[in-house]
file structure_22.txt (compact mmCIF, C-alpha atoms)
# COMPACT_ATOMS: atom_id res chain seq x y z
CA MET A 1 87.19 241.32 175.65
CA PHE A 2 89.46 238.73 174.03
CA VAL A 3 88.26 237.07 170.89
CA ASN A 4 91.42 235.40 169.66
CA PRO A 5 95.00 236.61 169.27
CA ALA A 6 94.94 236.85 165.48
CA GLY A 7 91.96 239.20 165.51
CA ILE A 8 92.86 241.44 168.44
CA ILE A 9 93.88 244.98 167.54
CA ASP A 10 92.96 246.72 170.80
CA ALA A 11 95.62 249.09 172.10
CA PHE A 12 95.60 250.71 175.56
CA SER A 13 98.10 253.16 177.06
CA THR A 14 98.70 256.10 179.42
CA PRO A 15 97.68 254.56 182.76
CA THR A 16 97.18 256.35 186.06
CA VAL A 17 97.34 254.26 189.25
CA ALA A 18 95.43 255.40 192.34
CA ARG A 19 95.31 253.70 195.76
CA ASP A 20 92.46 254.12 198.26
CA PRO A 21 93.94 255.61 201.48
CA GLN A 22 91.08 254.07 203.48
CA ALA A 23 91.59 250.59 202.00
CA PRO A 24 95.20 250.18 200.77
CA SER A 25 94.40 246.88 199.03
CA ASP A 26 91.99 248.72 196.71
CA LEU A 27 93.56 250.04 193.51
CA VAL A 28 92.19 251.79 190.45
CA VAL A 29 93.85 252.14 187.05
CA VAL A 30 92.41 254.43 184.39
CA TYR A 31 93.82 254.36 180.88
CA ARG A 32 93.04 255.42 177.35
CA GLN A 33 92.21 253.26 174.35
CA ASP A 34 93.84 254.14 171.03
CA ARG A 35 92.55 251.28 168.86
CA PRO A 36 90.20 250.21 167.33
CA ALA A 37 88.60 253.51 168.41
CA LEU A 38 89.57 256.30 170.77
CA SER A 39 88.06 255.71 174.22
CA SER A 40 88.99 255.12 177.88
CA GLU A 41 88.37 252.57 180.62
CA LEU A 42 88.65 252.13 184.37
CA ALA A 43 89.83 248.93 186.06
CA ARG A 44 89.54 248.26 189.78
CA SER A 45 91.15 245.75 192.11
CA SER A 46 90.42 244.92 195.74
CA ASP A 47 93.38 242.53 196.19
CA ARG A 48 96.43 244.73 195.60
CA GLY A 49 96.33 244.22 191.84
CA LEU A 50 96.04 240.42 191.64
CA THR A 51 92.69 240.57 189.81
CA TRP A 52 90.91 243.37 187.99
CA SER A 53 87.39 244.20 186.81
CA ALA A 54 86.44 246.85 184.26
CA VAL A 55 83.98 249.73 184.65
CA THR A 56 82.77 251.89 181.75
CA LEU A 57 83.44 255.63 181.92
CA PRO A 58 80.08 257.30 181.24
CA LEU A 59 79.20 260.23 179.01
CA PRO A 60 75.83 261.98 178.65
CA PRO A 61 73.83 261.64 175.42
CA GLY A 62 75.35 263.53 172.52
CA HIS A 63 78.94 263.16 173.75
CA HIS A 64 81.33 260.45 172.64
CA LYS A 65 84.82 258.98 173.08
CA PRO A 66 85.88 259.43 176.70
CA PHE A 67 89.62 260.06 176.43
CA PHE A 68 92.77 260.81 178.43
CA PRO A 69 91.45 259.94 181.90
CA ASP A 70 93.13 260.71 185.20
CA ALA A 71 92.10 259.61 188.70
CA ALA A 72 92.76 260.36 192.35
CA PHE A 73 91.38 259.30 195.72
CA GLY A 74 90.44 261.79 198.38
CA PRO A 75 91.44 261.33 202.04
CA ASP A 76 87.96 259.93 202.82
CA GLY A 77 88.26 257.23 200.13
CA SER A 78 86.16 259.05 197.52
CA LEU A 79 87.42 258.39 194.00
CA TYR A 80 87.46 261.14 191.37
CA VAL A 81 87.98 260.52 187.66
CA VAL A 82 88.33 263.25 185.04
CA TYR A 83 88.40 262.83 181.25
CA ASP A 84 87.56 264.53 177.95
CA SER A 85 84.99 263.75 175.32
CA LEU A 86 86.03 264.01 171.66
CA ALA A 87 83.94 265.23 168.74
CA GLY A 88 84.01 264.92 164.97
CA ARG A 89 86.35 263.16 162.60
CA MET A 90 89.26 265.25 163.87
CA ASN A 91 88.64 264.21 167.51
CA VAL A 92 88.67 267.73 168.91
CA PRO A 93 87.87 267.79 172.66
CA ASP A 94 84.38 269.24 173.16
CA ALA A 95 84.07 269.04 176.98
CA MET A 96 85.77 267.83 180.16
CA TRP A 97 83.90 265.60 182.65
CA LEU A 98 84.22 264.54 186.27
CA VAL A 99 82.72 261.46 187.92
CA ARG A 100 82.87 260.36 191.54
CA SER A 101 82.67 257.00 193.29
CA ASN A 102 82.15 256.12 196.94
CA ASP A 103 82.90 252.41 196.50
CA GLY A 104 86.34 252.31 194.90
CA GLY A 105 85.11 252.70 191.33
CA ALA A 106 82.49 249.92 191.32
CA HIS A 107 79.79 252.51 190.65
CA LEU A 108 80.33 255.95 189.14
CA SER A 109 78.18 259.04 189.47
CA ALA A 110 76.64 260.77 186.49
CA PRO A 111 79.31 262.86 184.74
CA VAL A 112 79.49 266.56 185.60
CA GLN A 113 80.88 268.93 182.98
CA VAL A 114 83.79 270.89 184.47
CA ALA A 115 85.20 272.62 181.37
CA GLY A 116 84.05 273.46 177.87
CA PRO A 117 85.44 272.91 174.38
CA ASP A 118 89.17 272.49 173.72
CA ALA A 119 90.07 271.49 177.29
CA PHE A 120 92.55 268.63 176.88
CA GLN A 121 94.89 266.38 178.89
CA PRO A 122 93.17 266.88 182.28
CA ARG A 123 95.02 266.00 185.48
CA ILE A 124 93.42 265.74 188.91
CA LEU A 125 94.61 266.01 192.53
CA VAL A 126 92.74 265.86 195.83
CA GLY A 127 94.05 267.72 198.87
CA THR A 128 94.13 266.68 202.52
CA HIS A 129 90.82 268.47 203.19
CA GLY A 130 89.08 266.99 200.15
CA GLU A 131 89.58 269.97 197.84
CA VAL A 132 89.68 268.88 194.18
CA ARG A 133 92.17 270.55 191.85
CA LEU A 134 92.14 270.23 188.07
CA THR A 135 94.92 271.20 185.66
CA TRP A 136 94.62 270.97 181.89
CA LEU A 137 95.86 272.13 178.51
CA GLN A 138 93.50 274.69 177.00
CA LEU A 139 93.63 274.63 173.22
CA SER A 140 92.69 277.24 170.67
CA THR A 141 91.74 275.21 167.61
CA SER A 142 89.27 277.40 165.70
CA GLY A 143 87.07 274.33 165.94
CA THR A 144 88.80 272.47 163.14
CA HIS A 145 92.02 270.57 163.75
CA LEU A 146 94.39 269.98 166.64
CA SER A 147 97.51 270.37 164.50
CA SER A 148 96.99 274.15 164.36
CA ALA A 149 96.12 274.59 168.05
CA THR A 150 97.81 277.11 170.31
CA THR A 151 98.01 276.21 173.98
CA ARG A 152 97.70 277.49 177.55
CA ILE A 153 97.74 275.64 180.87
CA LEU A 154 94.81 276.35 183.20
CA SER A 155 93.86 275.29 186.71
CA ALA A 156 90.64 275.33 188.74
CA GLU A 157 89.64 274.22 192.27
CA SER A 158 86.52 272.79 193.89
CA ALA A 159 85.73 272.89 197.61
CA ASP A 160 82.52 270.82 197.39
CA GLY A 161 83.64 267.49 196.00
CA GLY A 162 83.84 268.49 192.36
CA ARG A 163 80.29 269.84 192.00
CA ARG A 164 81.38 273.42 191.35
CA PHE A 165 84.76 274.82 190.35
CA SER A 166 86.38 278.22 190.58
CA ALA A 167 87.04 280.25 187.46
CA PRO A 168 90.13 278.89 185.66
CA VAL A 169 93.48 280.50 186.45
CA GLU A 170 96.35 280.64 183.94
CA VAL A 171 99.38 278.62 185.01
CA SER A 172 101.59 279.33 182.00
CA PRO A 173 102.51 282.84 180.79
CA SER A 174 100.46 284.10 177.86
CA GLY A 175 102.07 283.88 174.44
CA GLN A 176 104.01 280.68 175.09
CA GLU A 177 103.41 277.34 173.39
CA VAL A 178 103.26 274.80 176.20
CA GLY A 179 102.39 271.15 176.76
CA SER A 180 102.24 268.17 179.12
CA PRO A 181 101.01 269.79 182.38
CA THR A 182 101.97 267.68 185.40
CA PRO A 183 100.68 268.87 188.81
CA VAL A 184 101.45 267.93 192.40
CA LEU A 185 100.52 269.27 195.83
CA ASP A 186 103.46 270.13 198.04
CA GLN A 187 103.72 269.34 201.74
CA GLY A 188 101.60 272.38 202.60
CA GLY A 189 98.93 271.67 199.97
CA ALA A 190 100.07 274.31 197.47
CA LEU A 191 99.73 273.44 193.78
CA VAL A 192 102.94 273.09 191.75
CA VAL A 193 102.83 272.38 188.00
CA ALA A 194 105.64 271.19 185.73
CA TYR A 195 105.26 271.55 181.97
CA GLU A 196 107.11 271.84 178.67
CA ASP A 197 107.70 275.31 177.19
CA PHE A 198 108.35 275.31 173.44
CA GLY A 199 108.85 279.05 173.12
CA ALA A 200 106.95 282.17 172.16
CA SER A 201 103.99 282.14 169.80
CA PRO A 202 103.58 282.36 166.89
CA THR A 203 107.17 281.40 166.01
CA ALA A 204 107.07 278.28 168.19
CA THR A 205 105.77 275.13 166.60
CA GLN A 206 104.33 272.07 168.27
CA ALA A 207 106.18 269.99 165.69
CA SER A 208 109.36 270.88 167.59
CA ASN A 209 111.11 268.30 169.73
CA LEU A 210 113.06 270.90 171.75
CA TYR A 211 111.67 272.52 174.90
CA ASP A 212 112.52 274.03 178.29
CA LEU A 213 111.22 272.08 181.28
CA VAL A 214 109.72 274.57 183.72
CA VAL A 215 107.81 274.60 187.02
CA SER A 216 105.22 277.13 188.21
CA ARG A 217 103.95 277.41 191.79
CA VAL A 218 100.66 278.89 192.94
CA GLN A 219 101.13 282.40 194.33
CA GLY A 220 98.22 284.36 195.73
CA SER A 221 95.32 284.14 193.29
CA GLY A 222 97.59 283.16 190.39
CA PHE A 223 100.91 281.48 189.66
CA ALA A 224 104.46 282.69 190.06
CA ALA A 225 106.71 283.10 187.04
CA PRO A 226 107.97 279.72 185.85
CA VAL A 227 111.34 278.43 187.05
CA VAL A 228 113.44 276.67 184.42
CA VAL A 229 114.65 273.27 185.62
CA ALA A 230 116.28 272.14 182.36
CA ARG A 231 116.89 274.04 179.13
CA SER A 232 116.84 272.73 175.56
CA VAL A 233 115.56 269.27 176.41
CA VAL A 234 115.40 267.00 173.36
CA ALA A 235 112.07 265.20 173.44
CA HIS A 236 111.67 261.48 172.80
CA GLN A 237 109.94 262.36 169.52
CA ASP A 238 108.36 265.29 167.71
CA TYR A 239 105.56 266.90 169.69
CA ASN A 240 102.00 265.80 168.95
CA LEU A 241 98.97 266.55 171.14
CA PHE A 242 97.81 262.94 171.01
CA ASP A 243 101.25 261.41 171.31
CA ASN A 244 103.40 263.48 173.65
CA ILE A 245 105.36 262.35 176.69
CA PHE A 246 104.87 263.98 180.10
CA PRO A 247 107.44 264.77 182.76
CA SER A 248 106.64 263.33 186.20
CA LEU A 249 106.48 265.32 189.45
CA ALA A 250 106.29 263.97 193.02
CA SER A 251 106.01 265.52 196.48
CA SER A 252 107.61 263.91 199.51
CA PRO A 253 106.12 264.12 203.02
CA GLY A 254 109.57 265.39 204.02
CA GLY A 255 109.01 268.56 201.98
CA GLN A 256 111.07 267.78 198.86
CA LEU A 257 109.79 267.90 195.28
CA TYR A 258 111.23 265.53 192.67
CA LEU A 259 110.94 265.97 188.92
CA ALA A 260 111.81 263.28 186.34
CA TRP A 261 111.98 263.43 182.54
CA SER A 262 113.99 261.96 179.68
CA ASN A 263 116.42 263.75 177.37
CA ARG A 264 117.38 262.44 173.93
CA GLY A 265 120.47 264.63 173.59
CA GLY A 266 122.80 261.77 172.61
CA ALA A 267 121.73 258.49 174.20
CA GLU A 268 118.29 259.03 175.72
CA ARG A 269 118.43 258.87 179.50
CA VAL A 270 116.14 259.50 182.47
CA MET A 271 116.96 262.68 184.38
CA MET A 272 115.93 263.85 187.84
CA ALA A 273 116.10 267.11 189.82
CA ARG A 274 115.11 267.95 193.40
CA SER A 275 113.73 271.04 195.08
CA ASN A 276 113.88 271.65 198.83
CA ASP A 277 111.83 274.87 198.81
CA GLY A 278 108.57 274.05 197.06
CA GLY A 279 109.87 274.50 193.52
CA ALA A 280 111.48 277.94 193.79
CA ALA A 281 114.96 276.48 193.19
CA TRP A 282 116.10 273.15 191.77
CA SER A 283 119.23 271.04 191.95
CA SER A 284 121.29 270.37 188.87
CA PRO A 285 119.79 267.43 186.96
CA ILE A 286 121.31 264.00 187.53
CA VAL A 287 121.17 260.99 185.23
CA ILE A 288 119.60 257.85 186.67
CA GLN A 289 121.97 255.04 185.79
CA SER A 290 120.80 253.00 182.82
CA PRO A 291 120.17 249.27 183.39
CA ALA A 292 122.37 248.70 180.32
CA PRO A 293 125.21 251.21 180.78
CA GLY A 294 127.45 251.63 177.78
CA VAL A 295 125.33 249.46 175.48
CA PRO A 296 124.97 251.31 172.15
CA GLY A 297 121.48 252.09 170.93
CA THR A 298 119.66 251.90 174.27
CA SER A 299 116.97 254.42 175.15
CA ASP A 300 115.56 255.08 178.66
CA TRP A 301 112.37 257.12 178.70
CA LEU A 302 108.80 257.65 179.97
CA PRO A 303 109.69 258.02 183.68
CA ALA A 304 107.08 258.08 186.45
CA ILE A 305 108.22 259.18 189.89
CA ALA A 306 106.91 258.74 193.44
CA ALA A 307 108.27 259.87 196.82
CA PRO A 308 106.45 258.12 199.68
CA GLY A 309 108.71 259.51 202.42
CA GLY A 310 111.64 258.48 204.56
CA GLY A 311 114.09 259.68 201.90
CA ARG A 312 112.80 257.14 199.36
CA VAL A 313 112.34 258.01 195.70
CA ASP A 314 110.96 255.54 193.13
CA VAL A 315 111.33 256.07 189.38
CA ALA A 316 109.69 253.66 186.91
CA PHE A 317 110.69 253.88 183.25
CA LEU A 318 111.03 251.95 180.01
CA GLN A 319 114.25 250.90 178.31
CA ALA A 320 114.42 249.94 174.64
CA LEU A 321 117.49 248.20 173.24
CA SER A 322 118.79 248.74 169.72
CA ASP A 323 116.55 245.91 168.45
CA HIS A 324 113.49 247.73 169.92
CA TYR A 325 112.87 245.06 172.55
CA THR A 326 111.73 246.90 175.67
CA ASP A 327 111.46 246.26 179.40
CA ALA A 328 110.02 248.19 182.33
CA TYR A 329 112.35 249.00 185.24
CA LEU A 330 112.10 250.51 188.71
CA ALA A 331 114.93 252.59 190.17
CA THR A 332 114.69 253.08 193.94
CA SER A 333 116.67 255.44 196.14
CA THR A 334 116.64 255.54 199.93
CA ASP A 335 118.85 258.63 200.18
CA ARG A 336 116.75 261.30 198.40
CA GLY A 337 118.14 260.44 194.98
CA ALA A 338 121.86 260.34 195.77
CA SER A 339 122.04 256.70 194.64
CA PHE A 340 119.66 254.17 193.09
CA SER A 341 119.21 250.42 192.87
CA ILE A 342 117.36 249.07 189.82
CA VAL A 343 115.11 246.04 189.32
CA LYS A 344 113.32 244.83 186.19
CA LEU A 345 109.53 244.86 186.41
CA SER A 346 108.55 243.20 183.12
CA SER A 347 108.73 239.41 182.97
CA ASP A 348 109.45 239.34 179.22
CA PRO A 349 110.59 242.03 176.76
CA PHE A 350 108.11 243.51 174.30
CA ASP A 351 108.59 245.23 170.95
CA SER A 352 108.26 249.03 171.15
CA ARG A 353 107.40 249.11 167.42
CA VAL A 354 104.08 247.38 168.10
CA GLY A 355 101.16 249.73 168.58
CA PRO A 356 99.21 252.60 167.01
CA THR A 357 100.76 255.78 165.70
CA PHE A 358 99.34 259.30 165.50
CA GLY A 359 101.39 260.49 162.53
CA GLY A 360 103.40 259.29 159.56
CA ASN A 361 106.79 260.14 161.09
CA LEU A 362 105.94 259.14 164.66
CA PRO A 363 106.86 255.80 166.23
CA ALA A 364 104.33 253.44 167.77
CA ASP A 365 102.68 255.14 170.73
CA LEU A 366 103.36 253.63 174.17
CA GLY A 367 101.44 256.42 175.87
CA SER A 368 102.03 259.80 177.45
CA HIS A 369 102.99 258.49 180.89
CA LEU A 370 103.31 255.40 183.06
CA GLY A 371 101.29 254.94 186.23
CA ILE A 372 102.88 254.74 189.68
CA ALA A 373 101.54 254.61 193.24
CA ALA A 374 103.85 254.09 196.22
CA THR A 375 103.50 253.40 199.92
CA PRO A 376 106.34 252.95 202.42
CA ALA A 377 106.12 249.18 201.80
CA GLU A 378 105.60 248.80 198.03
CA VAL A 379 105.32 250.40 194.62
CA GLN A 380 102.60 249.69 192.05
CA VAL A 381 103.59 250.47 188.44
CA ALA A 382 101.47 250.27 185.27
CA TRP A 383 102.56 250.55 181.64
CA ALA A 384 101.47 249.73 178.07
CA ASP A 385 102.91 246.37 177.02
CA SER A 386 102.78 244.82 173.54
CA VAL A 387 104.05 241.34 174.44
CA LEU A 388 100.83 239.79 173.08
CA GLY A 389 100.80 241.98 169.98
CA THR A 390 102.48 241.90 166.60
CA GLU A 391 103.23 244.60 164.05
CA ALA A 392 100.14 243.37 162.19
CA THR A 393 97.75 243.59 165.16
CA GLY A 394 99.30 246.54 167.01
CA ARG A 395 97.90 245.16 170.25
CA GLN A 396 98.87 246.75 173.57
CA ASP A 397 97.65 245.88 177.07
CA ILE A 398 97.97 247.68 180.35
CA VAL A 399 100.26 245.68 182.63
CA THR A 400 100.90 246.20 186.33
CA SER A 401 103.64 244.98 188.65
CA THR A 402 104.08 245.39 192.40
CA ALA A 403 107.56 245.77 193.86
CA ALA A 404 108.28 245.52 197.58
CA THR A 405 110.76 248.19 198.72
CA PRO A 406 113.10 247.38 200.22
CA GLY A 407 112.92 243.59 200.05
CA PRO A 408 112.09 240.95 197.44
CA GLY A 409 111.82 241.70 193.75
CA PRO A 410 108.56 242.47 191.92
CA ARG A 411 105.68 240.12 191.38
CA ALA A 412 105.01 238.93 187.85
CA PRO A 413 103.07 241.50 185.79
CA GLU A 414 99.27 241.33 185.71
CA LEU A 415 97.24 242.35 182.66
CA VAL A 416 94.69 245.07 183.38
CA GLY A 417 93.29 245.78 179.89
CA ALA A 418 90.06 244.53 178.32
CA GLY A 419 89.50 240.83 178.75
CA VAL A 420 91.85 240.42 181.69
CA ALA A 421 89.72 237.79 183.37
CA ALA A 422 89.92 235.61 180.28
CA LEU A 423 93.66 235.18 180.77
CA ALA A 424 92.90 232.88 183.68
CA ALA A 425 91.47 230.33 181.26
CA LEU A 426 93.76 227.55 180.10
CA GLY A 427 93.42 228.46 176.43
CA CYS A 428 94.60 232.01 176.98
CA SER A 429 97.44 230.77 179.16
CA LEU A 430 98.60 228.62 176.27
CA ILE A 431 98.29 231.57 173.89
CA TRP A 432 100.44 233.66 176.26
CA ALA A 433 103.12 230.94 176.41
CA LEU A 434 103.12 230.42 172.64
CA SER A 435 103.32 234.17 172.04
CA LEU A 436 106.35 234.54 174.34
CA SER A 437 108.05 231.54 172.72
CA THR A 438 107.44 232.98 169.26
CA ARG A 439 108.82 236.39 170.23
CA ARG A 440 111.95 234.86 171.77
CA ALA A 441 112.49 232.84 168.61
CA LYS A 442 112.22 236.00 166.51
CA ARG A 443 115.12 237.50 168.42

call {"tool": "encode", "arguments": {"input": "structure_22.txt", "output": "structure tokens"}}
result
Amino acid sequence: MFVNPAGIIDAFSTPTVARDPQAPSDLVVVYRQDRPALSSELARSSDRGLTWSAVTLPLPPGHHKPFFPDAAFGPDGSLYVVYDSLAGRMNVPDAMWLVRSNDGGAHLSAPVQVAGPDAFQPRILVGTHGEVRLTWLQLSTSGTHLSSATTRILSAESADGGRRFSAPVEVSPSGQEVGSPTPVLDQGGALVVAYEDFGASPTATQASNLYDLVVSRVQGSGFAAPVVVARSVVAHQDYNLFDNIFPSLASSPGGQLYLAWSNRGGAERVMMARSNDGGAAWSSPIVIQSPAPGVPGTSDWLPAIAAPGGGRVDVAFLQALSDHYTDAYLATSTDRGASFSIVKLSSDPFDSRVGPTFGGNLPADLGSHLGIAATPAEVQVAWADSVLGTEATGRQDIVTSTAATPGPGPRAPELVGAGVAALAALGCSLIWALSLSTRRAKR
């Protein structure tokens, strides 16, 4: 919780937003903590994101540091949350855990282990019949350090609410260095996974910032050969298992798949491609128009995409100007991505240099993905925001904003991170105002 601004060094990132289909006002955001220690939290809201309360993610005795959580609701309103536990000074993942809630995250079940050592970056989906599907990055670390890990992408399914899972199936071809698995269920319930392919082992290196963006679709008892959507993508930064950026994949009720990513070849821009056949073939990538077209030094990245139906596509992303001041934006299309309108979500810019880093040559970490959840009426977006931090504190909070589509602009952002309730107090309101005034003066 908040102590005072000068002493706060907590940093949160990588949110996932999930909405209860049985109670659309109920939202859950799970997110990781990078400072002062690696951990994770869950926040829940029963008023469409106006107020939030925190719930601890449990681990059994002997396991520590819940990390990299993901969450999804089932069609009956059951909430599922998956996350890793980390071990040792090198923070190697030692197990993957699943918890369930029948009351929107207010109470969580005891954690069930669903994968063993070196299972990392878990993602979760729940199908229309309640089947639970997990996708993750399986490392081979020799039990020592993540920097030397080789990687595979695996998937498993449960038909009994996450109590038992099938044997893992390989999504990515053997011998390839891969990262950032991003799954979705298509209109028929088939699993489709996008990921980054860095090339053949052992010549490939995870220090590379160049990859092919590919998509694999379930086929029989395995997965079809990957389809390349974009070749030689230049990543936002050098690859790091703790600090990598995910593509974003969405499935529309109309049958289309949409894939979004950013490419730093020249000015970094958000790209999007569409598939009309379940991922077998993809359109040529398009560039989503920057909110600051033609302004030198701008960077658009970290897209999160949703496709709630009716031809609508929503893409949230961050834009940093040359002075590193950053805002969150939402691009919305009502014609399946042929054209977009853009609104700003953040109420005040924040400095993208503020936050933790996972390596000497890596920038401050704003997380591996944004969170997005869309209905036909509105879009809920979550991101890591450092507006209350400084380069000395490195503080980041999870911030959410709700945009009505189409219609009025977004509501003012709401803090979701630790100590959110304290912001309602007058003292913290004054701190917020003074912090914004100070940051504007610095510009």

call {"tool": "closest_residue", "arguments": {"input": "structure_22.txt", "among": "A:Pro349, A:Pro93, A:Gly255, A:Gly222", "to": "Leu185 in chain A", "atoms": "only C-alpha atoms"}}
result
A:Gly255

call {"tool": "residues_around", "arguments": {"input": "structure_22.txt", "residues": "Val214 in chain A", "least_positions_apart": "3", "cutoff": "8 Å", "atoms": "all atoms listed in the file", "output": "PyMOL selection string"}}
result
chain A and resi 194-197+226-230

call {"tool": "residues_around", "arguments": {"input": "structure_22.txt", "residues": "range 23-32 of chain A", "least_positions_apart": "6", "cutoff": "6 Å", "atoms": "all atoms listed in the file", "output": "list in words"}}
result
Phe12, Ser13, Thr14, Pro15, Thr16, Val17, Ser39, Ser40, Glu41, Leu42, Ala43, Arg44, Ser45, Ser46, Asp47, Arg48, Phe67 and Phe68 of chain A

call {"tool": "residues_around", "arguments": {"input": "structure_22.txt", "residues": "range 96-106 of chain A", "least_positions_apart": "3", "cutoff": "6 Å", "atoms": "only C-alpha atoms", "output": "number ranges by chain"}}
result
A: 78-84, 109, 111-115

call {"tool": "closest_residue", "arguments": {"input": "structure_22.txt", "among": "A:Asp314, A:Glu177, A:Asp385, A:Asp351", "to": "Ile372 in chain A", "atoms": "all atoms listed in the file"}}
result
A:Asp314

call {"tool": "atom_distance", "arguments": {"input": "structure_22.txt", "atom1": "CA of Arg231 in chain A", "atom2": "CA of Thr150 in chain A"}}
result
21.2 Å

call {"tool": "atom_distance", "arguments": {"input": "structure_22.txt", "atom1": "CA of Pro293 in chain A", "atom2": "CA of Val270 in chain A"}}
result
12.4 Å

call {"tool": "residues_around", "arguments": {"input": "structure_22.txt", "residues": "range 153-167 of chain A", "least_positions_apart": "6", "cutoff": "10 Å", "atoms": "all atoms listed in the file", "output": "number ranges by chain"}}
result
A: 74, 78, 80, 98-100, 112-115, 119-127, 129-139, 173-174, 176-181, 183, 191, 193, 195, 218, 222-223

call {"tool": "atom_distance", "arguments": {"input": "structure_22.txt", "atom1": "CA of His324 in chain A", "atom2": "CA of Val379 in chain A"}}
result
26.2 Å

call {"tool": "residues_near_point", "arguments": {"input": "structure_22.txt", "point": "(100.0, 247.0, 164.1)", "cutoff": "10 Å", "atoms": "only C-alpha atoms", "output": "tab-separated table (two decimals) with C-alpha atoms, in the coordinates of the input"}}
result
chain	number	residue	atom	x	y	z
A	9	ILE	CA	93.88	244.98	167.54
A	10	ASP	CA	92.96	246.72	170.80
A	11	ALA	CA	95.62	249.09	172.10
A	35	ARG	CA	92.55	251.28	168.86
A	353	ARG	CA	107.40	249.11	167.42
A	354	VAL	CA	104.08	247.38	168.10
A	355	GLY	CA	101.16	249.73	168.58
A	356	PRO	CA	99.21	252.60	167.01
A	357	THR	CA	100.76	255.78	165.70
A	364	ALA	CA	104.33	253.44	167.77
A	389	GLY	CA	100.80	241.98	169.98
A	390	THR	CA	102.48	241.90	166.60
A	391	GLU	CA	103.23	244.60	164.05
A	392	ALA	CA	100.14	243.37	162.19
A	393	THR	CA	97.75	243.59	165.16
A	394	GLY	CA	99.30	246.54	167.01
A	395	ARG	CA	97.90	245.16	170.25
A	396	GLN	CA	98.87	246.75	173.57

call {"tool": "residues_near_point", "arguments": {"input": "structure_22.txt", "point": "(82.5, 270.2, 175.8)", "cutoff": "6 Å", "atoms": "only C-alpha atoms", "output": "PyMOL selection string"}}
result
chain A and resi 94-96+116-117

call {"tool": "write_last_selection", "arguments": {"input": "structure_22.txt", "atoms": "C-alpha atoms", "output": "PDB file, in the coordinates of the input"}}
result
ATOM      1  CA  ASP A  94      84.380 269.240 173.160  1.00  0.00           C
ATOM      2  CA  ALA A  95      84.070 269.040 176.980  1.00  0.00           C
ATOM      3  CA  MET A  96      85.770 267.830 180.160  1.00  0.00           C
ATOM      4  CA  GLY A 116      84.050 273.460 177.870  1.00  0.00           C
ATOM      5  CA  PRO A 117      85.440 272.910 174.380  1.00  0.00           C
TER       6      PRO A 117
END

call {"tool": "residues_around", "arguments": {"input": "structure_22.txt", "residues": "Ala373 in chain A", "least_positions_apart": "4", "cutoff": "10 Å", "atoms": "all atoms listed in the file", "output": "PDB file with C-alpha atoms, keeping the file's coordinate frame"}}
result
ATOM      1  CA  THR A  16      97.180 256.350 186.060  1.00  0.00           C
ATOM      2  CA  VAL A  17      97.340 254.260 189.250  1.00  0.00           C
ATOM      3  CA  ALA A  18      95.430 255.400 192.340  1.00  0.00           C
ATOM      4  CA  ARG A  19      95.310 253.700 195.760  1.00  0.00           C
ATOM      5  CA  LEU A  27      93.560 250.040 193.510  1.00  0.00           C
ATOM      6  CA  ALA A 304     107.080 258.080 186.450  1.00  0.00           C
ATOM      7  CA  ILE A 305     108.220 259.180 189.890  1.00  0.00           C
ATOM      8  CA  ALA A 306     106.910 258.740 193.440  1.00  0.00           C
ATOM      9  CA  ALA A 307     108.270 259.870 196.820  1.00  0.00           C
ATOM     10  CA  PRO A 308     106.450 258.120 199.680  1.00  0.00           C
ATOM     11  CA  ASP A 314     110.960 255.540 193.130  1.00  0.00           C
ATOM     12  CA  GLU A 378     105.600 248.800 198.030  1.00  0.00           C
ATOM     13  CA  VAL A 379     105.320 250.400 194.620  1.00  0.00           C
ATOM     14  CA  GLN A 380     102.600 249.690 192.050  1.00  0.00           C
ATOM     15  CA  VAL A 381     103.590 250.470 188.440  1.00  0.00           C
ATOM     16  CA  ALA A 382     101.470 250.270 185.270  1.00  0.00           C
ATOM     17  CA  THR A 402     104.080 245.390 192.400  1.00  0.00           C
TER      18      THR A 402
END
